[in-house]
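S.K.: Next up is a structure, given as C-alpha cells.
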Amino acid sequence: RFTNYQKTPHCCVIQGDGKYAAIAAASVLAKTWRDEAMQRLHQEFPHYGWSQNKGYPTEAHRMAIRQHGVCRWHRQTFQLLPAEEQLSFF
C-alpha cells in the first residue's frame, strides 16, 4: 500500500531488500531503531512486555491489555484483542 506523492518521482520495488543494498540497509536500520524504541517503551510500560514481544500481539501482551487497558502507544488500527473481547477503551 503505497500513497503516491504526485511531485516526487518514485518506483516501487517488490522484494527490493534482496535486490538493492540500500534498501536492505534501510530495512536493517529501521528494525534496529524500532527494537530500541520498544526497549525504551518497556522502561515506561513494563507490564506489556515490549522488551520481549517487540509490540507483536503475544498472548502475554493481550493479557496485559485486558488487565491494564491500552496506552497511547498502542496502534488503534490493530485488533488488539479478539472481536468478542473488544473493550471500550478506544
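Residue numbering restarts at 1 in every chain; chains get A, B, ... in the order shown in the C-alpha cells, and ligands count up from 1 in that same order.
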Taking 4 positions as the minimum chain separation for residues in the same chain, which residues sit within 12 Å of stretch 13-17 of chain A when counting only C-alpha atoms? Answer as an mmCIF file with all heavy atoms, in the first residue's frame.

M.R.:
```cif
data_model
loop_
_atom_site.group_PDB
_atom_site.id
_atom_site.type_symbol
_atom_site.label_atom_id
_atom_site.label_comp_id
_atom_site.auth_asym_id
_atom_site.auth_seq_id
_atom_site.Cartn_x
_atom_site.Cartn_y
_atom_site.Cartn_z
ATOM 1 N N ARG A 1 0.844 -1.178 0.000
ATOM 2 C CA ARG A 1 0.000 0.000 0.000
ATOM 3 C C ARG A 1 0.885 1.234 0.000
ATOM 4 O O ARG A 1 1.444 1.603 1.012
ATOM 5 C CB ARG A 1 -0.900 0.009 1.216
ATOM 6 C CG ARG A 1 -1.925 -1.103 1.182
ATOM 7 C CD ARG A 1 -2.741 -1.111 2.443
ATOM 8 N NE ARG A 1 -2.437 -2.350 3.144
ATOM 9 C CZ ARG A 1 -2.634 -2.571 4.401
ATOM 10 N NH1 ARG A 1 -3.111 -1.644 5.173
ATOM 11 N NH2 ARG A 1 -2.342 -3.728 4.946
ATOM 12 N N PHE A 2 1.031 1.821 -1.123
ATOM 13 C CA PHE A 2 1.882 2.997 -1.248
ATOM 14 C C PHE A 2 1.041 4.174 -1.701
ATOM 15 O O PHE A 2 0.302 4.080 -2.678
ATOM 16 C CB PHE A 2 3.005 2.741 -2.240
ATOM 17 C CG PHE A 2 3.914 3.926 -2.435
ATOM 18 C CD1 PHE A 2 4.833 4.270 -1.453
ATOM 19 C CD2 PHE A 2 3.838 4.692 -3.568
ATOM 20 C CE1 PHE A 2 5.665 5.353 -1.610
ATOM 21 C CE2 PHE A 2 4.669 5.780 -3.747
ATOM 22 C CZ PHE A 2 5.582 6.112 -2.762
ATOM 23 N N ALA A 21 21.231 -3.081 -2.119
ATOM 24 C CA ALA A 21 21.870 -2.983 -0.801
ATOM 25 C C ALA A 21 21.325 -1.808 0.002
ATOM 26 O O ALA A 21 21.179 -1.903 1.222
ATOM 27 C CB ALA A 21 23.389 -2.861 -0.956
ATOM 28 N N ALA A 22 21.009 -0.694 -0.659
ATOM 29 C CA ALA A 22 20.500 0.480 0.059
ATOM 30 C C ALA A 22 19.154 0.179 0.717
ATOM 31 O O ALA A 22 18.892 0.607 1.848
ATOM 32 C CB ALA A 22 20.372 1.672 -0.884
ATOM 33 N N ILE A 23 18.301 -0.558 0.033
ATOM 34 C CA ILE A 23 17.004 -0.920 0.614
ATOM 35 C C ILE A 23 17.209 -1.890 1.767
ATOM 36 O O ILE A 23 16.586 -1.759 2.823
ATOM 37 C CB ILE A 23 16.054 -1.508 -0.457
ATOM 38 C CG1 ILE A 23 15.728 -0.446 -1.509
ATOM 39 C CG2 ILE A 23 14.781 -2.041 0.193
ATOM 40 C CD1 ILE A 23 14.900 -0.968 -2.682
ATOM 41 N N ALA A 24 18.101 -2.859 1.587
ATOM 42 C CA ALA A 24 18.398 -3.817 2.662
ATOM 43 C C ALA A 24 18.949 -3.100 3.885
ATOM 44 O O ALA A 24 18.545 -3.383 5.021
ATOM 45 C CB ALA A 24 19.380 -4.880 2.167
ATOM 46 N N ALA A 25 19.854 -2.149 3.667
ATOM 47 C CA ALA A 25 20.436 -1.399 4.788
ATOM 48 C C ALA A 25 19.374 -0.580 5.501
ATOM 49 O O ALA A 25 19.335 -0.535 6.732
ATOM 50 C CB ALA A 25 21.562 -0.497 4.284
ATOM 51 N N ALA A 26 18.497 0.062 4.739
ATOM 52 C CA ALA A 26 17.424 0.851 5.348
ATOM 53 C C ALA A 26 16.501 -0.042 6.169
ATOM 54 O O ALA A 26 16.040 0.344 7.249
ATOM 55 C CB ALA A 26 16.627 1.580 4.264
ATOM 56 N N SER A 27 16.253 -1.243 5.695
ATOM 57 C CA SER A 27 15.406 -2.186 6.427
ATOM 58 C C SER A 27 16.040 -2.571 7.766
ATOM 59 O O SER A 27 15.362 -2.620 8.797
ATOM 60 C CB SER A 27 15.173 -3.426 5.564
ATOM 61 O OG SER A 27 14.413 -4.380 6.248
ATOM 62 N N VAL A 28 17.344 -2.832 7.742
ATOM 63 C CA VAL A 28 18.059 -3.186 8.979
ATOM 64 C C VAL A 28 18.048 -2.002 9.948
ATOM 65 O O VAL A 28 17.788 -2.171 11.147
ATOM 66 C CB VAL A 28 19.508 -3.630 8.670
ATOM 67 C CG1 VAL A 28 20.324 -3.754 9.950
ATOM 68 C CG2 VAL A 28 19.494 -4.950 7.912
#
```

S.K.: Taking the DSSP assignment computed from this structure's backbone, write out as JSON, numbers by chain all residues of chain A that belong to alpha helix (DSSP H).

M.R.: {"A": [21, 22, 23, 24, 25, 26, 27, 28, 29, 30, 31, 32, 33, 34, 35, 36, 37, 38, 39, 40, 41, 42, 43, 44, 50, 51, 52, 53, 59, 60, 61, 62, 63, 64, 65, 66, 67, 68]}

S.K.: In Å to one decimal, how far is atom CA of A:His74 from atom CA of A:Arg34?

M.R.: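 Atom-to-atom, atom CA of A:Arg34 and atom CA of A:His74 are spaced 14.0 Å apart.
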
S.K.: Need the shell around stretch 53-65 of chain A: protein/DNA/RNA residues with any atom at most 7 Å away, counting only C-alpha atoms. Skip same-chain ones fewer than 3 positions apart. Format as a tab-separated table (two decimals) with all heavy atoms, in the first residue's frame?

M.R.:
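Produced file selection37.tsv, reproduced below:
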```
chain	number	residue	atom	x	y	z
A	35	ASP	N	13.42	-1.75	17.41
A	35	ASP	CA	13.73	-2.58	18.57
A	35	ASP	C	14.21	-1.73	19.74
A	35	ASP	O	13.83	-1.97	20.90
A	35	ASP	CB	14.79	-3.63	18.22
A	35	ASP	CG	14.24	-4.74	17.32
A	35	ASP	OD1	13.00	-4.79	17.10
A	35	ASP	OD2	15.05	-5.55	16.84
A	38	MET	N	11.24	0.02	21.25
A	38	MET	CA	10.45	-0.89	22.07
A	38	MET	C	11.10	-1.09	23.44
A	38	MET	O	10.40	-1.21	24.45
A	38	MET	CB	10.25	-2.24	21.36
A	38	MET	CG	9.47	-2.15	20.05
A	38	MET	SD	7.89	-1.29	20.15
A	38	MET	CE	6.96	-2.37	21.18
A	47	HIS	N	4.71	-3.66	32.07
A	47	HIS	CA	3.69	-4.72	32.16
A	47	HIS	C	3.25	-5.23	30.79
A	47	HIS	O	2.67	-6.31	30.70
A	47	HIS	CB	2.47	-4.24	32.97
A	47	HIS	CG	1.99	-2.88	32.61
A	47	HIS	ND1	2.52	-1.74	33.18
A	47	HIS	CD2	1.05	-2.47	31.73
A	47	HIS	CE1	1.90	-0.69	32.67
A	47	HIS	NE2	1.02	-1.09	31.79
A	48	TYR	N	3.54	-4.52	29.70
A	48	TYR	CA	3.17	-5.01	28.36
A	48	TYR	C	4.21	-5.96	27.77
A	48	TYR	O	3.95	-6.60	26.76
A	48	TYR	CB	2.95	-3.85	27.40
A	48	TYR	CG	1.77	-2.98	27.74
A	48	TYR	CD1	1.94	-1.65	28.06
A	48	TYR	CD2	0.48	-3.50	27.76
A	48	TYR	CE1	0.86	-0.84	28.38
A	48	TYR	CE2	-0.61	-2.71	28.09
A	48	TYR	CZ	-0.41	-1.38	28.39
A	48	TYR	OH	-1.48	-0.59	28.71
A	49	GLY	N	5.38	-6.04	28.37
A	49	GLY	CA	6.41	-6.97	27.90
A	49	GLY	C	7.02	-6.61	26.55
A	49	GLY	O	7.46	-7.49	25.81
A	50	TRP	N	7.06	-5.31	26.24
A	50	TRP	CA	7.56	-4.90	24.94
A	50	TRP	C	9.03	-5.25	24.71
A	50	TRP	O	9.45	-5.36	23.56
A	50	TRP	CB	7.33	-3.41	24.73
A	50	TRP	CG	5.93	-3.12	24.30
A	50	TRP	CD1	5.13	-3.91	23.54
A	50	TRP	CD2	5.16	-1.97	24.60
A	50	TRP	NE1	3.92	-3.31	23.34
A	50	TRP	CE2	3.91	-2.11	23.97
A	50	TRP	CE3	5.41	-0.81	25.32
A	50	TRP	CZ2	2.91	-1.16	24.05
A	50	TRP	CZ3	4.42	0.13	25.40
A	50	TRP	CH2	3.18	-0.04	24.77
A	68	HIS	N	-4.61	-4.01	32.06
A	68	HIS	CA	-4.23	-2.60	32.23
A	68	HIS	C	-4.85	-1.66	31.21
A	68	HIS	O	-4.66	-0.45	31.30
A	68	HIS	CB	-2.70	-2.45	32.14
A	68	HIS	CG	-1.96	-3.27	33.14
A	68	HIS	ND1	-1.86	-2.91	34.47
A	68	HIS	CD2	-1.31	-4.45	33.01
A	68	HIS	CE1	-1.16	-3.84	35.11
A	68	HIS	NE2	-0.82	-4.77	34.26
A	69	GLY	N	-5.55	-2.21	30.20
A	69	GLY	CA	-6.04	-1.37	29.12
A	69	GLY	C	-4.90	-1.03	28.17
A	69	GLY	O	-3.83	-1.63	28.23
A	70	VAL	N	-5.12	-0.08	27.29
A	70	VAL	CA	-4.09	0.31	26.34
A	70	VAL	C	-3.48	1.64	26.77
A	70	VAL	O	-4.05	2.36	27.58
A	70	VAL	CB	-4.65	0.44	24.91
A	70	VAL	CG1	-5.14	-0.89	24.40
A	70	VAL	CG2	-5.74	1.48	24.82
A	80	LEU	N	-6.35	-5.46	18.80
A	80	LEU	CA	-5.52	-5.81	19.95
A	80	LEU	C	-6.04	-7.02	20.70
A	80	LEU	O	-5.27	-7.76	21.30
A	80	LEU	CB	-5.42	-4.60	20.88
A	80	LEU	CG	-4.81	-3.36	20.24
A	80	LEU	CD1	-4.96	-2.16	21.17
A	80	LEU	CD2	-3.35	-3.59	19.91
A	81	LEU	N	-7.35	-7.19	20.69
A	81	LEU	CA	-7.97	-8.34	21.32
A	81	LEU	C	-8.94	-8.95	20.32
A	81	LEU	O	-9.41	-8.28	19.41
A	81	LEU	CB	-8.74	-7.91	22.58
A	81	LEU	CG	-7.91	-7.32	23.72
A	81	LEU	CD1	-8.81	-6.80	24.83
A	81	LEU	CD2	-6.95	-8.36	24.27
```

S.K.: Out of A:Glu44, A:Ala30, A:Lys7, A:Gly18, which residue has the shortest atom-to-atom distance to A:Trp73 when counting only C-alpha atoms?

M.R.: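 Under the stated criterion, the closest residue is A:Glu44.
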